$ cat work_36.pdb   # PDB, C-alpha atoms
MODEL        1
ATOM      1  CA  MET A   3       0.000   0.000   0.000
ATOM      2  CA  LYS A   4       1.362   3.394  -0.991
ATOM      3  CA  PRO A   5       2.111   5.435   2.161
ATOM      4  CA  LEU A   6      -0.348   8.204   2.975
ATOM      5  CA  ARG A   7       1.378  11.589   2.787
ATOM      6  CA  LEU A   8       0.942  13.521   6.025
ATOM      7  CA  GLY A   9       1.317  17.192   6.808
ATOM      8  CA  VAL A  10       1.692  17.573  10.572
ATOM      9  CA  LEU A  11       1.075  20.956  12.228
ATOM     10  CA  VAL A  12       2.658  21.459  15.645
ATOM     11  CA  SER A  13       3.319  24.156  18.214
ATOM     12  CA  GLY A  14       4.980  22.394  21.139
ATOM     13  CA  ARG A  15       7.259  19.570  22.178
ATOM     14  CA  GLY A  16       5.989  17.125  19.550
ATOM     15  CA  SER A  17       5.135  14.035  21.596
ATOM     16  CA  ASN A  18       2.237  13.117  19.292
ATOM     17  CA  LEU A  19       4.472  13.718  16.273
ATOM     18  CA  LYS A  20       6.991  11.337  17.833
ATOM     19  CA  ALA A  21       4.272   8.719  18.331
ATOM     20  CA  ILE A  22       3.326   8.972  14.653
ATOM     21  CA  LEU A  23       6.932   8.765  13.458
ATOM     22  CA  ASP A  24       7.663   5.827  15.757
ATOM     23  CA  GLU A  25       4.752   3.859  14.284
ATOM     24  CA  ILE A  26       5.841   4.712  10.735
ATOM     25  CA  GLU A  27       9.436   3.667  11.411
ATOM     26  CA  ALA A  28       8.280   0.429  13.051
ATOM     27  CA  GLY A  29       6.339  -0.456   9.905
ATOM     28  CA  ARG A  30       2.979  -0.401  11.677
ATOM     29  CA  LEU A  31       1.609   2.713   9.966
ATOM     30  CA  ALA A  32       1.368   3.019   6.173
ATOM     31  CA  ALA A  33       2.115   6.732   6.081
ATOM     32  CA  GLU A  34       4.973   9.159   5.645
ATOM     33  CA  ALA A  35       5.536  12.596   7.138
ATOM     34  CA  ALA A  36       5.830  14.707   4.002
ATOM     35  CA  LEU A  37       6.104  17.961   5.949
ATOM     36  CA  VAL A  38       6.044  19.280   9.516
ATOM     37  CA  ILE A  39       4.919  22.894   9.986
ATOM     38  CA  SER A  40       5.216  24.847  13.215
ATOM     39  CA  ASP A  41       4.050  28.328  14.122
ATOM     40  CA  ASN A  42       6.622  28.354  16.944
ATOM     41  CA  PRO A  43      10.352  28.517  16.091
ATOM     42  CA  GLU A  44      11.191  27.203  19.567
ATOM     43  CA  ALA A  45       8.971  24.127  19.292
ATOM     44  CA  GLY A  46      10.635  20.896  20.275
ATOM     45  CA  ALA A  47       8.694  19.258  17.451
ATOM     46  CA  VAL A  48      10.818  21.133  14.897
ATOM     47  CA  LYS A  49      14.018  19.739  16.388
ATOM     48  CA  LEU A  50      12.417  16.288  16.527
ATOM     49  CA  ALA A  51      11.507  16.439  12.827
ATOM     50  CA  GLU A  52      14.987  17.626  11.863
ATOM     51  CA  GLY A  53      16.540  14.816  13.904
ATOM     52  CA  ARG A  54      14.451  12.260  12.009
ATOM     53  CA  GLY A  55      15.289  13.742   8.602
ATOM     54  CA  ILE A  56      11.752  15.101   8.105
ATOM     55  CA  SER A  57      11.263  18.350   6.196
ATOM     56  CA  SER A  58      10.089  21.081   8.555
ATOM     57  CA  VAL A  59       9.122  24.717   8.125
ATOM     58  CA  VAL A  60       8.403  27.454  10.672
ATOM     59  CA  VAL A  61       5.606  29.813   9.666
ATOM     60  CA  GLU A  62       5.014  32.469  12.307
ATOM     61  CA  ARG A  63       1.609  34.120  12.485
ATOM     62  CA  THR A  64       3.234  37.471  13.254
ATOM     63  CA  ALA A  65       4.813  37.489   9.793
ATOM     64  CA  PHE A  66       1.376  38.026   8.245
ATOM     65  CA  ARG A  67      -0.932  40.995   8.593
ATOM     66  CA  GLU A  68      -4.067  38.908   8.127
ATOM     67  CA  LYS A  69      -5.079  35.438   9.288
ATOM     68  CA  ASP A  70      -6.180  34.509   5.757
ATOM     69  CA  ALA A  71      -2.695  35.204   4.425
ATOM     70  CA  PHE A  72      -1.154  33.052   7.157
ATOM     71  CA  GLU A  73      -3.520  30.197   6.380
ATOM     72  CA  SER A  74      -2.967  30.507   2.629
ATOM     73  CA  ALA A  75       0.782  30.186   3.238
ATOM     74  CA  LEU A  76       0.178  26.977   5.201
ATOM     75  CA  VAL A  77      -2.030  25.580   2.445
ATOM     76  CA  SER A  78       0.554  26.388  -0.236
ATOM     77  CA  LEU A  79       3.262  24.548   1.680
ATOM     78  CA  LEU A  80       1.051  21.496   2.187
ATOM     79  CA  GLU A  81       0.030  21.435  -1.468
ATOM     80  CA  SER A  82       3.658  21.731  -2.571
ATOM     81  CA  ARG A  83       4.390  18.452  -0.731
ATOM     82  CA  GLN A  84       1.273  16.712  -2.097
ATOM     83  CA  VAL A  85      -0.115  16.186   1.397
ATOM     84  CA  GLU A  86      -3.199  13.964   1.589
ATOM     85  CA  LEU A  87      -4.010  14.225   5.300
ATOM     86  CA  VAL A  88      -3.363  17.207   7.580
ATOM     87  CA  VAL A  89      -2.837  16.253  11.221
ATOM     88  CA  LEU A  90      -3.038  18.885  13.947
ATOM     89  CA  ALA A  91      -0.823  17.414  16.664
ATOM     90  CA  GLY A  92      -0.671  20.046  19.365
ATOM     91  CA  PHE A  93      -1.150  22.964  16.963
ATOM     92  CA  MET A  94      -2.305  25.796  19.203
ATOM     93  CA  ARG A  95      -4.165  27.912  16.671
ATOM     94  CA  VAL A  96      -7.784  27.830  15.589
ATOM     95  CA  LEU A  97      -7.890  27.487  11.821
ATOM     96  CA  GLY A  98     -10.525  29.311   9.848
ATOM     97  CA  ARG A  99     -12.697  28.762   6.814
ATOM     98  CA  ARG A 100      -9.947  29.563   4.321
ATOM     99  CA  PHE A 101      -7.658  26.823   5.596
ATOM    100  CA  ILE A 102     -10.396  24.225   6.007
ATOM    101  CA  GLU A 103     -11.796  24.805   2.507
ATOM    102  CA  GLU A 104      -8.428  24.966   0.748
ATOM    103  CA  ALA A 105      -6.342  22.428   2.664
ATOM    104  CA  PRO A 106      -5.385  19.379   0.637
ATOM    105  CA  GLY A 107      -7.204  16.225   1.706
ATOM    106  CA  ARG A 108      -8.745  15.992   5.126
ATOM    107  CA  VAL A 109      -7.860  17.756   8.371
ATOM    108  CA  ILE A 110      -7.940  15.971  11.751
ATOM    109  CA  ASN A 111      -7.107  17.050  15.294
ATOM    110  CA  ILE A 112      -6.482  15.360  18.627
ATOM    111  CA  HIS A 113      -7.958  16.898  21.776
ATOM    112  CA  PRO A 114      -7.414  15.866  25.432
ATOM    113  CA  SER A 115     -11.039  15.347  26.440
ATOM    114  CA  LEU A 116     -14.054  13.283  25.485
ATOM    115  CA  LEU A 117     -15.658  15.806  23.189
ATOM    116  CA  PRO A 118     -18.109  17.447  23.088
ATOM    117  CA  SER A 119     -17.205  17.894  26.769
ATOM    118  CA  PHE A 120     -14.467  20.399  27.611
ATOM    119  CA  PRO A 121     -13.405  21.914  24.292
ATOM    120  CA  GLY A 122     -10.698  24.557  24.134
ATOM    121  CA  LEU A 123      -7.731  25.142  26.393
ATOM    122  CA  LYS A 124      -6.963  23.367  29.668
ATOM    123  CA  ALA A 125      -9.385  20.539  28.992
ATOM    124  CA  GLN A 126      -7.842  18.425  31.745
ATOM    125  CA  LYS A 127      -8.355  21.186  34.321
ATOM    126  CA  GLN A 128     -11.925  21.628  33.107
ATOM    127  CA  ALA A 129     -12.533  17.907  33.674
ATOM    128  CA  LEU A 130     -11.125  18.063  37.208
ATOM    129  CA  ASP A 131     -13.055  21.238  38.045
ATOM    130  CA  HIS A 132     -16.305  19.548  36.959
ATOM    131  CA  GLY A 133     -15.587  16.434  39.000
ATOM    132  CA  VAL A 134     -16.017  13.936  36.177
ATOM    133  CA  LYS A 135     -15.019  10.318  36.787
ATOM    134  CA  ILE A 136     -13.957   9.584  33.210
ATOM    135  CA  SER A 137     -12.025  11.750  30.785
ATOM    136  CA  GLY A 138      -9.917  10.874  27.768
ATOM    137  CA  CYS A 139      -9.037  12.060  24.292
ATOM    138  CA  THR A 140     -10.765  12.522  20.952
ATOM    139  CA  VAL A 141      -9.631  12.497  17.333
ATOM    140  CA  HIS A 142     -12.014  14.501  15.179
ATOM    141  CA  PHE A 143     -12.312  16.131  11.802
ATOM    142  CA  VAL A 144     -11.675  19.868  11.897
ATOM    143  CA  ASN A 145     -14.322  22.407  11.040
ATOM    144  CA  GLU A 146     -14.737  26.121  11.811
ATOM    145  CA  ILE A 147     -15.987  25.453  15.349
ATOM    146  CA  MET A 148     -13.201  24.958  17.862
ATOM    147  CA  ASP A 149     -13.065  21.223  18.683
ATOM    148  CA  GLY A 150     -16.494  20.930  17.074
ATOM    149  CA  GLY A 151     -15.893  18.683  14.080
ATOM    150  CA  ARG A 152     -17.241  15.178  13.572
ATOM    151  CA  ILE A 153     -15.752  12.693  16.034
ATOM    152  CA  ILE A 154     -13.740   9.813  14.564
ATOM    153  CA  ALA A 155     -12.608   7.951  17.693
ATOM    154  CA  GLN A 156     -12.157   8.370  21.436
ATOM    155  CA  ALA A 157     -10.212   6.712  24.236
ATOM    156  CA  ALA A 158     -11.408   6.854  27.846
ATOM    157  CA  VAL A 159      -9.209   7.455  30.894
ATOM    158  CA  PRO A 160     -10.414   7.129  34.506
ATOM    159  CA  VAL A 161     -10.103  10.191  36.701
ATOM    160  CA  HIS A 162      -8.676   9.283  40.102
ATOM    161  CA  PRO A 163      -9.702  11.088  43.310
ATOM    162  CA  ASP A 164      -6.132  12.281  43.890
ATOM    163  CA  ASP A 165      -5.481  13.367  40.312
ATOM    164  CA  THR A 166      -3.845  16.673  39.553
ATOM    165  CA  GLU A 167      -3.911  18.401  36.190
ATOM    166  CA  GLU A 168      -0.412  17.010  35.584
ATOM    167  CA  THR A 169      -1.167  13.369  36.455
ATOM    168  CA  LEU A 170      -4.404  13.317  34.478
ATOM    169  CA  SER A 171      -2.713  15.001  31.519
ATOM    170  CA  ALA A 172       0.036  12.371  31.511
ATOM    171  CA  ARG A 173      -2.456   9.473  31.423
ATOM    172  CA  ILE A 174      -4.499  11.108  28.681
ATOM    173  CA  LEU A 175      -1.359  11.815  26.674
ATOM    174  CA  ALA A 176      -0.391   8.138  26.757
ATOM    175  CA  GLU A 177      -3.768   7.339  25.161
ATOM    176  CA  GLU A 178      -3.308  10.111  22.595
ATOM    177  CA  HIS A 179      -0.066   8.461  21.505
ATOM    178  CA  ARG A 180      -1.970   5.233  20.833
ATOM    179  CA  LEU A 181      -5.150   6.672  19.351
ATOM    180  CA  LEU A 182      -3.833   9.218  16.866
ATOM    181  CA  PRO A 183      -1.587   6.828  14.857
ATOM    182  CA  ARG A 184      -4.378   4.248  14.896
ATOM    183  CA  VAL A 185      -6.845   6.717  13.355
ATOM    184  CA  ILE A 186      -4.293   7.772  10.743
ATOM    185  CA  GLY A 187      -3.931   4.090   9.888
ATOM    186  CA  TRP A 188      -7.690   3.720   9.466
ATOM    187  CA  ILE A 189      -7.803   6.731   7.155
ATOM    188  CA  ALA A 190      -4.859   5.401   5.143
ATOM    189  CA  GLU A 191      -6.650   2.085   4.672
ATOM    190  CA  ALA A 192      -9.907   3.790   3.701
ATOM    191  CA  LEU A 193      -8.254   6.111   1.168
ATOM    192  CA  ARG A 194      -6.149   3.333  -0.328
ATOM    193  CA  ALA A 195      -8.959   0.742  -0.535
ATOM    194  CA  PRO A 196      -9.643   1.356  -4.276
ATOM    195  CA  ASP A 197      -5.911   0.825  -4.979
ATOM    196  CA  GLN A 198      -6.032  -2.592  -3.332
ATOM    197  CA  LYS A 199      -8.882  -3.720  -5.600
ATOM    198  CA  GLN A 200      -7.035  -2.969  -8.823
TER     199      GLN A 200
ENDMDL
END
$ encode --input "work_36.pdb" --output "structure tokens"
Amino acid sequence: MKPLRLGVLVSGRGSNLKAILDEIEAGRLAAEAALVISDNPEAGAVKLAEGRGISSVVVERTAFREKDAFESALVSLLESRQVELVVLAGFMRVLGRRFIEEAPGRVINIHPSLLPSFPGLKAQKQALDHGVKISGCTVHFVNEIMDGGRIIAQAAVPVHPDDTEETLSARILAEEHRLLPRVIGWIAEALRAPDQKQ
């Protein structure tokens, strides 16, 4: 099966990017990271990509007067690498209509809660503040509503009575590292199914 070409957008340390790359390198995920884009020049994910020999580009929002111009620049980069699936893996910007309509292929995101509960920032703290007994993570398609796109898959994590934001976040993150590559694999299989029949 021809590897699915991924464009991965990141802002932070890149632990979900690492999980994806580890699965690709282990031969368990039929995909390739065609391009990593970060809006943060200090992101650990950029150094991670460079260390793995993956093409990476930093595109800072402050370099553009308008959001549309920033998003068009992202789309152009993704198209230039023939990206088929855009993965938001800790990308800390809300993307607008221009990006969603023009991005090549599909756009998915991973979020550290069981959506539709606790969208937005500090989802783990929101879960603790509400006293829920189960939290988790969600992979969903991206639309114009923050964390509001159609849900693809979720993984549940119990919330312990003595949990802090840090301990809960760590357990959820471990599930993110399993769930996100799995969903990418499902999408790769679905998009490549016609190829297998020929």
$ axis_aligned_box --input "work_36.pdb" --around "range 166-170 of chain A" --padding-each-side "6 Å" --output "lines of an AutoDock Vina configuration file"
center_x = -2.4
center_y = 15.9
center_z = 37.0
size_x = 16.0
size_y = 17.1
size_z = 17.1
$ resolve_selection --input "work_36.pdb" --expression "the PyMOL selection byres ((chain A and resi 193) around 12)" --output "list of chain:residue names"
A:Met3, A:Lys4, A:Pro5, A:Leu6, A:Arg7, A:Ala32, A:Ala33, A:Glu86, A:Leu87, A:Gly107, A:Arg108, A:Ile186, A:Gly187, A:Trp188, A:Ile189, A:Ala190, A:Glu191, A:Ala192, A:Arg194, A:Ala195, A:Pro196, A:Asp197, A:Gln198, A:Lys199
$ residues_around --input "work_36.pdb" --residues "Leu79 in chain A" --least-positions-apart "3" --cutoff "9 Å" --atoms "all atoms listed in the file" --output "list in words"
Leu37, Ile39, Val59, Ser74, Ala75, Leu76, Ser82, Arg83 and Gln84 of chain A
$ residues_around --input "work_36.pdb" --residues "range 61-70 of chain A" --least-positions-apart "4" --cutoff "8 Å" --atoms "all atoms listed in the file" --output "PyMOL selection string"
chain A and resi 39-43+74+76+98+100-101
$ write_last_selection --input "work_36.pdb" --atoms "C-alpha atoms" --output "mmCIF file, keeping the file's coordinate frame"
data_model
loop_
_atom_site.group_PDB
_atom_site.id
_atom_site.type_symbol
_atom_site.label_atom_id
_atom_site.label_comp_id
_atom_site.auth_asym_id
_atom_site.auth_seq_id
_atom_site.Cartn_x
_atom_site.Cartn_y
_atom_site.Cartn_z
ATOM 1 C CA ILE A 39 4.919 22.894 9.986
ATOM 2 C CA SER A 40 5.216 24.847 13.215
ATOM 3 C CA ASP A 41 4.050 28.328 14.122
ATOM 4 C CA ASN A 42 6.622 28.354 16.944
ATOM 5 C CA PRO A 43 10.352 28.517 16.091
ATOM 6 C CA SER A 74 -2.967 30.507 2.629
ATOM 7 C CA LEU A 76 0.178 26.977 5.201
ATOM 8 C CA GLY A 98 -10.525 29.311 9.848
ATOM 9 C CA ARG A 100 -9.947 29.563 4.321
ATOM 10 C CA PHE A 101 -7.658 26.823 5.596
#
$ closest_residue --input "work_36.pdb" --among "A:Asn145, A:Gln126, A:Ser17, A:Ser78" --to "Glu103 in chain A" --atoms "all atoms listed in the file"
A:Asn145
$ closest_residue --input "work_36.pdb" --among "A:Pro106, A:Pro114, A:Gly46, A:Gly122" --to "Ser171 in chain A" --atoms "all atoms listed in the file"
A:Pro114
$ atom_distance --input "work_36.pdb" --atom1 "CA of Leu31 in chain A" --atom2 "CA of Arg184 in chain A"
7.9 Å
$ resolve_selection --input "work_36.pdb" --expression "the PyMOL selection byres ((chain A and resi 95) around 10)" --output "list of chain:residue names"
A:Leu11, A:Val12, A:Ser13, A:Asp41, A:Arg63, A:Leu90, A:Gly92, A:Phe93, A:Met94, A:Val96, A:Leu97, A:Gly98, A:Met148
$ atom_distance --input "work_36.pdb" --atom1 "CA of Pro183 in chain A" --atom2 "CA of Ile22 in chain A"
5.4 Å
$ residues_around --input "work_36.pdb" --residues "Ile112 in chain A" --least-positions-apart "6" --cutoff "12 Å" --atoms "all atoms listed in the file" --output "compact mmCIF listing (two decimals) with C-alpha atoms, in the coordinates of the input"
# COMPACT_ATOMS: atom_id res chain seq x y z
CA VAL A 10 1.69 17.57 10.57
CA LEU A 11 1.08 20.96 12.23
CA VAL A 12 2.66 21.46 15.64
CA ASN A 18 2.24 13.12 19.29
CA LEU A 19 4.47 13.72 16.27
CA VAL A 88 -3.36 17.21 7.58
CA VAL A 89 -2.84 16.25 11.22
CA LEU A 90 -3.04 18.89 13.95
CA ALA A 91 -0.82 17.41 16.66
CA GLY A 92 -0.67 20.05 19.36
CA PHE A 93 -1.15 22.96 16.96
CA MET A 94 -2.31 25.80 19.20
CA PRO A 121 -13.40 21.91 24.29
CA GLY A 122 -10.70 24.56 24.13
CA ALA A 125 -9.38 20.54 28.99
CA GLY A 138 -9.92 10.87 27.77
CA CYS A 139 -9.04 12.06 24.29
CA THR A 140 -10.76 12.52 20.95
CA VAL A 141 -9.63 12.50 17.33
CA HIS A 142 -12.01 14.50 15.18
CA PHE A 143 -12.31 16.13 11.80
CA VAL A 144 -11.68 19.87 11.90
CA MET A 148 -13.20 24.96 17.86
CA ASP A 149 -13.06 21.22 18.68
CA GLY A 150 -16.49 20.93 17.07
CA GLY A 151 -15.89 18.68 14.08
CA ARG A 152 -17.24 15.18 13.57
CA ILE A 153 -15.75 12.69 16.03
CA ILE A 154 -13.74 9.81 14.56
CA ALA A 155 -12.61 7.95 17.69
CA GLN A 156 -12.16 8.37 21.44
CA ALA A 157 -10.21 6.71 24.24
CA ILE A 174 -4.50 11.11 28.68
CA LEU A 175 -1.36 11.82 26.67
CA GLU A 177 -3.77 7.34 25.16
CA GLU A 178 -3.31 10.11 22.60
CA HIS A 179 -0.07 8.46 21.50
CA ARG A 180 -1.97 5.23 20.83
CA LEU A 181 -5.15 6.67 19.35
CA LEU A 182 -3.83 9.22 16.87
CA PRO A 183 -1.59 6.83 14.86
CA ARG A 184 -4.38 4.25 14.90
CA VAL A 185 -6.84 6.72 13.36
CA ILE A 186 -4.29 7.77 10.74
$ residues_around --input "work_36.pdb" --residues "Gln128 in chain A" --least-positions-apart "3" --cutoff "12 Å" --atoms "all atoms listed in the file" --output "number ranges by chain"
A: 114-116, 119-125, 131-134, 137, 166-167, 170-171
$ write_last_selection --input "work_36.pdb" --atoms "C-alpha atoms" --output "tab-separated table (two decimals), keeping the file's coordinate frame"
chain	number	residue	atom	x	y	z
A	114	PRO	CA	-7.41	15.87	25.43
A	115	SER	CA	-11.04	15.35	26.44
A	116	LEU	CA	-14.05	13.28	25.48
A	119	SER	CA	-17.20	17.89	26.77
A	120	PHE	CA	-14.47	20.40	27.61
A	121	PRO	CA	-13.40	21.91	24.29
A	122	GLY	CA	-10.70	24.56	24.13
A	123	LEU	CA	-7.73	25.14	26.39
A	124	LYS	CA	-6.96	23.37	29.67
A	125	ALA	CA	-9.38	20.54	28.99
A	131	ASP	CA	-13.06	21.24	38.04
A	132	HIS	CA	-16.30	19.55	36.96
A	133	GLY	CA	-15.59	16.43	39.00
A	134	VAL	CA	-16.02	13.94	36.18
A	137	SER	CA	-12.02	11.75	30.78
A	166	THR	CA	-3.84	16.67	39.55
A	167	GLU	CA	-3.91	18.40	36.19
A	170	LEU	CA	-4.40	13.32	34.48
A	171	SER	CA	-2.71	15.00	31.52
$ closest_residue --input "work_36.pdb" --among "A:Ala21, A:Val85, A:Leu80, A:Ala158" --to "Glu34 in chain A" --atoms "all atoms listed in the file"
A:Val85
$ residues_near_point --input "work_36.pdb" --point "(8.5, 20.6, 22.5)" --cutoff "7 Å" --atoms "all atoms listed in the file" --output "list in words"
Gly14, Arg15, Gly16, Ala45, Gly46 and Ala47 of chain A
$ write_last_selection --input "work_36.pdb" --atoms "C-alpha atoms" --output "JSON list (two decimals), keeping the file's coordinate frame"
[["chain", "number", "residue", "atom", "x", "y", "z"],
["A", 14, "GLY", "CA", 4.98, 22.39, 21.14],
["A", 15, "ARG", "CA", 7.26, 19.57, 22.18],
["A", 16, "GLY", "CA", 5.99, 17.12, 19.55],
["A", 45, "ALA", "CA", 8.97, 24.13, 19.29],
["A", 46, "GLY", "CA", 10.64, 20.90, 20.27],
["A", 47, "ALA", "CA", 8.69, 19.26, 17.45]]
$ atom_distance --input "work_36.pdb" --atom1 "CA of Ala36 in chain A" --atom2 "CA of Leu8 in chain A"
5.4 Å
$ closest_residue --input "work_36.pdb" --among "A:Ala176, A:Ala51, A:Ile147, A:Ile26" --to "Pro118 in chain A" --atoms "all atoms listed in the file"
A:Ile147
$ decode --input "work_36.pdb" --residues "range 12-21 of chain A" --atoms "all heavy atoms" --output "short mmCIF file (atom, residue, chain, number, x, y, z; two decimals), in the first residue's frame"
data_model
loop_
_atom_site.label_atom_id
_atom_site.label_comp_id
_atom_site.auth_asym_id
_atom_site.auth_seq_id
_atom_site.Cartn_x
_atom_site.Cartn_y
_atom_site.Cartn_z
N VAL A 12 2.27 21.57 14.24
CA VAL A 12 2.66 21.46 15.64
C VAL A 12 2.99 22.83 16.21
O VAL A 12 3.35 23.75 15.47
CB VAL A 12 3.89 20.53 15.79
CG1 VAL A 12 3.55 19.10 15.42
CG2 VAL A 12 5.05 21.02 14.94
N SER A 13 2.90 22.93 17.54
CA SER A 13 3.32 24.16 18.21
C SER A 13 4.25 23.90 19.39
O SER A 13 4.91 24.82 19.85
CB SER A 13 2.09 24.93 18.74
OG SER A 13 1.27 25.38 17.69
N GLY A 14 4.27 22.66 19.89
CA GLY A 14 4.98 22.39 21.14
C GLY A 14 6.07 21.35 21.03
O GLY A 14 6.80 21.27 20.04
N ARG A 15 6.13 20.50 22.05
CA ARG A 15 7.26 19.57 22.18
C ARG A 15 7.23 18.44 21.16
O ARG A 15 8.26 17.83 20.87
CB ARG A 15 7.29 18.98 23.59
CG ARG A 15 6.04 18.22 23.94
CD ARG A 15 5.98 17.88 25.41
NE ARG A 15 4.69 17.31 25.75
CZ ARG A 15 4.33 17.02 26.99
NH1 ARG A 15 5.15 17.25 27.98
NH2 ARG A 15 3.14 16.51 27.22
N GLY A 16 6.05 18.10 20.63
CA GLY A 16 5.99 17.12 19.55
C GLY A 16 5.85 15.68 19.99
O GLY A 16 6.23 14.77 19.25
N SER A 17 5.24 15.43 21.15
CA SER A 17 5.13 14.04 21.60
C SER A 17 4.19 13.23 20.71
O SER A 17 4.43 12.04 20.45
CB SER A 17 4.70 13.96 23.07
OG SER A 17 3.37 14.38 23.23
N ASN A 18 3.12 13.84 20.21
CA ASN A 18 2.24 13.12 19.29
C ASN A 18 2.90 12.93 17.93
O ASN A 18 2.70 11.90 17.28
CB ASN A 18 0.90 13.84 19.14
CG ASN A 18 -0.11 13.41 20.20
OD1 ASN A 18 -0.35 12.23 20.38
ND2 ASN A 18 -0.67 14.38 20.90
N LEU A 19 3.69 13.89 17.50
CA LEU A 19 4.47 13.72 16.27
C LEU A 19 5.42 12.54 16.44
O LEU A 19 5.54 11.70 15.53
CB LEU A 19 5.25 14.99 15.97
CG LEU A 19 6.27 14.90 14.81
CD1 LEU A 19 5.57 14.58 13.50
CD2 LEU A 19 7.08 16.18 14.71
N LYS A 20 6.07 12.45 17.57
CA LYS A 20 6.99 11.34 17.83
C LYS A 20 6.26 10.00 17.77
O LYS A 20 6.76 9.02 17.20
CB LYS A 20 7.67 11.49 19.18
CG LYS A 20 8.65 10.37 19.52
CD LYS A 20 9.30 10.58 20.87
CE LYS A 20 10.34 9.49 21.15
NZ LYS A 20 9.77 8.13 21.17
N ALA A 21 5.05 9.96 18.35
CA ALA A 21 4.27 8.72 18.33
C ALA A 21 3.96 8.30 16.90
O ALA A 21 4.03 7.12 16.55
CB ALA A 21 2.98 8.89 19.14
#
